[in-house]
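These notes are about the structure you will find just below.
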Amino acid sequence: MAEALQSEVRRRLAELAGNLRWTWSGEFDSLFREIDLDLWRRVNHNPAAFLADVDDTRIGARAADPEYRRRLEAACGSLQNYLKSGRHWASRHAPSLDLRPVAYFSAEFGLHESLPIYSGGLGILAGDHLKSCSDLGVPIWGVSILYRQGYFTQRIDAQGGQEEIYSDLDVERVPLEPALDGRGQPILIQMPTASGVFPIDLWLARVGRSRLVLLDGSRDPAAAHRDVFSARLYGGDLRTRLLQELILGVGGYRALLALGIRPGVLHLNEGHSAFALLEAIAQTMEEEGMRFDAAAESMRARAVFTTHTPLPAGHDRFPLDLIEEHLRPLRERLGLSSEDFTALGRADAGGADGTFCMTALALRLAFRSNAVSALHGHTTRGLWRGLWPERKTSEVPIGHITNGVHVPTWIAGEMDQLLRRRLAEDWPTRLSHADLWEKITDVPPAEIWDVKRRLKQEMLEFAARRLRKRQERLGLSGPPPGLDPEALTIGVARRFAEYKRAQLLLSDPDRLERLLRDEARPVQILFAGKAHPKDDVGKGILRALDERARDPRFSGRIIVLENYDMNVARHLVQGSDLWLNAPRRPLEACGTSGQKAVFNATLNLAVLDGWWAEAHDGSNGYSFGEGLTHTDTALQDRRDAVDLFDVLETQVLPDFFDRSPEGLPLKWIVRIQRALATLAWRYNSDRMAIDYVTRCYLAAAGALTSSHPADPWTRPPGV
Ligand SMILES: *Cc1c(COP(=O)(O)O)cnc(C)c1O
């Protein structure tokens with residue numbers, strides 16, 4: 001009897017684990033956690049690994065509780081209902097997409113911390129897009145690579161140096177399944193390269209109703225190219241990078257065909273996957289007997305391209321000899337001369353600079369191109385105006401769709417409950433409706449403050465656990481720095497790249513010391529972030545931060561946490577009081593971590609860059625830097641640092657520490673309410689996905705059936 005219950009519970013848990021829907025459904029997580037909290041943490045919240053390792057008696061103990069079994073049953077029921085439901089936004093507003101799904105190509109996908117195939121914002125955006133499409137019922141297939149070593153786990157040594165730890169992914173212990181054909185046989189595709197044809201295995205992840213296919217080239221361990229795929233996200237040299245992008249684009253498109261998917265829309269998330277468009281053209285030429293120009297024209301009407309990088313150096317460019325070496329077979333299928341092929345990737349209309357640029361290729365071949373915030377749209381049109389020499393910069397056909405975040409993934413359970421009580425039980429299904437959020441102004445301030453204090457406490461406990469672990473590992477004695485629940489707690493978490501200026505506060509150590517040592521108005525700052533393995537400047541920033549964290553002058557009020565991943569991000573955005581973002585304007589394309597903060601009653605203090613430049617209205621958070629850009633970056637940094645301290649001292653601290661007789665910071669809470677009322681409806685990925693559907697996908701799907709496809713090279717309407 002007990003044994004039967006236990007194996008039934010195990011079977012049900014495996015059912016939940018088989019669909020990544022558990023990553024955005026609060027109730028699922030606790031069903032695992034309650035069985036064995038230590039193990040749940042040790043496996044980084046990975047249910048597949050958890051079920052492989054967990055002791056049966058532990059499952060048995062929970063299985064004996066009828067209330068637990070009832071909750072488990074309800075969770076499975078809710079998953080089934082979610083998957084079966086045919087009534088959703090897309091069934092009313094985008095039925096034409098049902099004929100042929102959207103294919104969404106991205107070099108990384110951030111779905112959960114247990115699947116390390118993402119490095120940061122770009123991947124998390126892709127993951128959030130798949131999840132919102134699932135919630136909205138938009139049929140979509142994600143396409144990416146299964147990096148056998150993924151992105152690294154970060155440790156920080158006793159001197160603040162970054163250690164990068166790569167471990168081999170065990171596919172038995174991640175939520176993936178092999179792609180099988182009708183007879184239950186694994187599907188293989190063949191990938192032609194300069195050094196011959198080799199096989200690629202396909203893996204599937206279920207992401208609610210969405211699917212993600214991952215290409216895996218590690219089958220033949222003896223093959224010389226094994227490194228290329230088995231390896232690392234953004235690792236390796238230019239040749240590795242080119243081969244990965246061939247796999248992603250050409251292999252990715254072939255993978256979809258092998259799975260029986262004929263995508264109606266091709267959406268490239270950044271230029272890495274732009275070869276997919278060439279493969280699609282080649283396939284069309286072969287199937288329909290068309291010439292390149294006609295096939296390119298018909299493919300263009302279905303292609304959407306999103307660019308994310310305002311830094312000119314951030315766009316992939318390959319030397320032409322490398323391109324000729326690896327793309328010759330594809331070029332020949334397209335019937336193009338070397339010159340014509342090279343011209344597709346030329347970044348400047350005038351002379352060639354001897355490289356092939358993936359962004360230029362995508363801009364030429366897609367009928368809709370967009371940047372990811374209004375300001376980024378402006379910057380991007382300036383960056384690529386050379387491709388349209390006859391147009392004014394303002395008429396360069398690149399629009400913008402501002403990024404958003406998948407709210408159920410990022411919101412804390414207690415905030416979710418507050419919104420269910422006070423806005424509507426079904427608020428997550430209507431979160432892009434502005435009127436839903438107006439009611440937040442009626443919520444009693446004490447109720448919001450109570451939730452925020454609990455979230456902060458949980459975050460501080462998490463930080464203390466992580467700090468203790470690091471101390472133990474390094475063999476350091478003494479207690480970790482005291483974390484103070486009364487202090488204004490500032491979160492600064494992002495990739496340590498120079499332009500993100502995580503160290504801006506360190507530029508005036510005396511002023512920082514006064515800020516941090518003020519007994520009456522205590523402040524503490526939590527830092528987290530990874531530097532790219534090849535970015536020595538970024539690693540230097542981490543070292544400088546860690547040095548300050550060890551400096552008694554700052555009284556332990558600077559804390560550095562290791563291994564910024566989705567888990568650390570969730571804790572920090574949920575538990576901080578203030579989220580600080582200090583990019584050197586205009587280099588932040590959008591930024592999304594501050595949007596996650598909004599949904600957790602965490603206020604933003606940020607440079608008017610990326611999303612904040614269009615979102616901040618003076619009352620829904622704080623800004624510094626006055627929206628200015630200087631050509632002299634040292635001057636810009638100095639001025640921004642002064643302004644940052646000024647805003648902290650004269651606006652943020654007074655608002656936070658001015659308390660009512662009941663001990664409530666009423667001005668602060670009003671800002672939290674203003675932030676939710678003015679920002680929540682817009683900066684979420686449901687709104688973003690709806691924008692992509694209505695401005696891009698529907699026109700692309702229309703091109704399939706209409707004899708008048710949408711005009712090429714126009715900006716998405718309405719932006
Ligand atoms: C949200 C997120 C990002 C992107 O946030 P930015 O504001 O663009 O820096 C990067 N890394 C992780 C782990 C995240 O969760």
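Residue numbers start at 1 in each chain; chains themselves are named A, B, ... in the order of the structure tokens; ligands are numbered from 1 in the order shown.
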Within 9 Å of ligand 1, counting only C-alpha atoms and all ligand atoms: which residues, as a PyMOL selection string?
chain A and resi 110+113+118-125+405+410+493-495+500+529-530+563-570+573+581+588-596
Return as a Markdown table the residues of region 149-265 of chain A lying at most 12 Å from region 470-473 of chain A, together with the closest atom-to-atom pair for each and the distance in Å to one decimal, counting only C-alpha atoms, with rows in chain order and ascending residue number.
| residue | atom | partner | partner_atom | distance |
| --- | --- | --- | --- | --- |
| A:Gln154 | CA | A:Arg470 | CA | 11.4 |
| A:Arg155 | CA | A:Arg470 | CA | 8.4 |
| A:Ile156 | CA | A:Arg470 | CA | 8.2 |
| A:Asp157 | CA | A:Arg470 | CA | 8.8 |
| A:Ala158 | CA | A:Gln471 | CA | 8.9 |
| A:Gly160 | CA | A:Arg470 | CA | 11.7 |
Using only C-alpha atoms, determine which residues lie at most 10 Å from Val693 (chain A), disregarding the query and same-chain residues fewer than 5 positions distant; provide the list as a PDB file with N, CA and C atoms, in the first residue's frame.
ATOM      1  N   ALA A  90      -4.588  33.936 -28.580  1.00  0.00           N
ATOM      2  CA  ALA A  90      -4.306  33.729 -30.002  1.00  0.00           C
ATOM      3  C   ALA A  90      -5.489  33.106 -30.744  1.00  0.00           C
ATOM      4  N   HIS A  93      -7.339  36.224 -31.579  1.00  0.00           N
ATOM      5  CA  HIS A  93      -6.697  37.336 -32.291  1.00  0.00           C
ATOM      6  C   HIS A  93      -5.703  36.926 -33.378  1.00  0.00           C
ATOM      7  N   ALA A  94      -5.294  35.675 -33.383  1.00  0.00           N
ATOM      8  CA  ALA A  94      -4.280  35.296 -34.377  1.00  0.00           C
ATOM      9  C   ALA A  94      -4.485  33.865 -34.861  1.00  0.00           C
ATOM     10  N   LEU A  97      -2.160  31.960 -37.394  1.00  0.00           N
ATOM     11  CA  LEU A  97      -0.852  31.377 -37.065  1.00  0.00           C
ATOM     12  C   LEU A  97      -0.943  29.875 -36.828  1.00  0.00           C
ATOM     13  N   VAL A 102       5.401  29.710 -35.644  1.00  0.00           N
ATOM     14  CA  VAL A 102       6.544  30.604 -35.668  1.00  0.00           C
ATOM     15  C   VAL A 102       7.782  29.792 -35.288  1.00  0.00           C
ATOM     16  N   CYS A 133       4.347  33.162 -25.205  1.00  0.00           N
ATOM     17  CA  CYS A 133       3.635  32.604 -26.356  1.00  0.00           C
ATOM     18  C   CYS A 133       2.812  31.396 -25.927  1.00  0.00           C
ATOM     19  N   VAL A 138       0.106  31.240 -28.701  1.00  0.00           N
ATOM     20  CA  VAL A 138       0.756  31.498 -29.991  1.00  0.00           C
ATOM     21  C   VAL A 138       1.650  30.305 -30.314  1.00  0.00           C
ATOM     22  N   ARG A 687       2.659  41.466 -23.271  1.00  0.00           N
ATOM     23  CA  ARG A 687       2.515  42.639 -24.133  1.00  0.00           C
ATOM     24  C   ARG A 687       3.525  42.574 -25.290  1.00  0.00           C
ATOM     25  N   MET A 688       4.765  42.171 -24.971  1.00  0.00           N
ATOM     26  CA  MET A 688       5.791  42.100 -26.008  1.00  0.00           C
ATOM     27  C   MET A 688       5.409  41.068 -27.086  1.00  0.00           C
ATOM     28  N   LEU A 698       1.587  38.364 -37.868  1.00  0.00           N
ATOM     29  CA  LEU A 698       0.364  38.243 -38.661  1.00  0.00           C
ATOM     30  C   LEU A 698       0.599  38.671 -40.109  1.00  0.00           C
ATOM     31  N   ALA A 699       1.421  39.721 -40.285  1.00  0.00           N
ATOM     32  CA  ALA A 699       1.729  40.152 -41.649  1.00  0.00           C
ATOM     33  C   ALA A 699       2.509  39.054 -42.369  1.00  0.00           C
ATOM     34  N   ALA A 700       3.416  38.406 -41.639  1.00  0.00           N
ATOM     35  CA  ALA A 700       4.206  37.333 -42.253  1.00  0.00           C
ATOM     36  C   ALA A 700       3.304  36.158 -42.610  1.00  0.00           C
ATOM     37  N   ALA A 701       2.405  35.810 -41.695  1.00  0.00           N
ATOM     38  CA  ALA A 701       1.496  34.697 -41.983  1.00  0.00           C
ATOM     39  C   ALA A 701       0.577  35.080 -43.134  1.00  0.00           C
TER      40      ALA A 701
END
Rank A:Asp237, A:Asp181, A:Asp484, A:Glu447 by their smallest atom-to-atom distance to Ala258 (chain A), using only C-alpha atoms, and report the top residue only.
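Using only C-alpha atoms, Ala258 (chain A) sits closest to A:Asp181.
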Pro408 (chain A): which residues within 10 Å, counting only C-alpha atoms, same-chain residues fewer than 4 positions away excluded, as a short mmCIF file (atom, residue, chain, number, x, y, z; two decimals) with C-alpha atoms, in the first residue's frame?
data_model
loop_
_atom_site.label_atom_id
_atom_site.label_comp_id
_atom_site.auth_asym_id
_atom_site.auth_seq_id
_atom_site.Cartn_x
_atom_site.Cartn_y
_atom_site.Cartn_z
CA THR A 23 9.21 26.94 -13.83
CA TRP A 24 6.35 29.45 -13.77
CA SER A 25 3.87 27.87 -11.49
CA GLY A 26 4.52 28.55 -7.80
CA ASP A 128 10.35 34.56 -21.49
CA LYS A 131 6.64 31.16 -22.07
CA SER A 132 4.40 34.11 -22.95
CA ALA A 412 7.43 36.20 -5.79
CA GLY A 413 4.65 33.92 -4.52
CA ASP A 416 1.23 36.96 -6.58
CA PRO A 428 -1.96 36.75 -14.74
CA PHE A 599 6.58 43.26 -10.10
CA ASN A 684 5.83 42.28 -19.46
#
Which residue, A:Ser106, A:Thr489, A:Ser30, A:Gln159, has the smallest gap to Arg71 (chain A) when you use only C-alpha atoms?
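So, comparing all the options, the nearest one is A:Ser30.
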If you count only C-alpha atoms, the residue of A:Ile490, A:Thr309, A:Arg682, A:Phe554 closest to Asn604 (chain A) turns out to be A:Ile490
For Glu325 (chain A), the nearest of the candidates A:Gly196, A:Pro533, A:Gly235, A:Pro522, counting only C-alpha atoms
A:Gly196
With only C-alpha atoms as the basis for distance, which of A:Pro312, A:Tyr234, A:Leu476, A:Glu626 is at the shortest distance from Arg550 (chain A)?
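Closest to Arg550 (chain A), using only C-alpha atoms: A:Leu476.
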Using DSSP on the backbone coordinates, identify the residues of region 405-602 of chain A assigned to strand (DSSP E or B); present them as a list in words.
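Assigned to strand (DSSP E or B), within region 405-602 of chain A: Val405, Leu488, Thr489, Ile490, Gly491, Val492, Ala493, Val523, Gln524, Ile525, Leu526, Phe527, Ala528, Ile558, Ile559, Val560, Leu561, Leu578, Trp579, Leu580 and Asn581 of chain A.
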Identify, on the basis of only C-alpha atoms, every residue whose closest approach to Arg364 (chain A) does not exceed 12 Å; exclude the query and any residue fewer than 5 positions from it along the same chain; express the result as a PyMOL selection string.
chain A and resi 271+274+277-278+296-297+299-301+303-305+343-349+357-359+369+384+386-388+397-398+712-714
I'd like the neighbourhood of Leu423 (chain A) as a PyMOL selection string, where a residue qualifies if any of its atoms comes within 9 Å (using only C-alpha atoms), though same-chain residues fewer than 3 positions away should be ignored.
chain A and resi 418-420+426-427+436-440
Go ahead and save the picked residues with C-alpha atoms, as a PDB file, in the first residue's frame.
ATOM      1  CA  LEU A 418      -1.405  39.968  -2.857  1.00  0.00           C
ATOM      2  CA  LEU A 419      -2.376  40.683  -6.467  1.00  0.00           C
ATOM      3  CA  ARG A 420      -4.865  37.808  -6.463  1.00  0.00           C
ATOM      4  CA  ASP A 426      -7.046  35.694 -12.658  1.00  0.00           C
ATOM      5  CA  TRP A 427      -4.721  38.708 -12.940  1.00  0.00           C
ATOM      6  CA  LEU A 436      -6.251  45.986 -14.156  1.00  0.00           C
ATOM      7  CA  TRP A 437      -3.330  47.712 -12.446  1.00  0.00           C
ATOM      8  CA  GLU A 438      -5.108  50.916 -11.456  1.00  0.00           C
ATOM      9  CA  LYS A 439      -6.574  49.196  -8.409  1.00  0.00           C
ATOM     10  CA  ILE A 440      -3.127  48.889  -6.874  1.00  0.00           C
TER      11      ILE A 440
END
Report, in Å with one decimal, the straight-line distance from CA of Ala61 (chain A) to CA of Phe28 (chain A).
17.9 Å
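Coordinates place CA of Thr355 (chain A) at a distance of 8.3 Å from CA of Thr342 (chain A).
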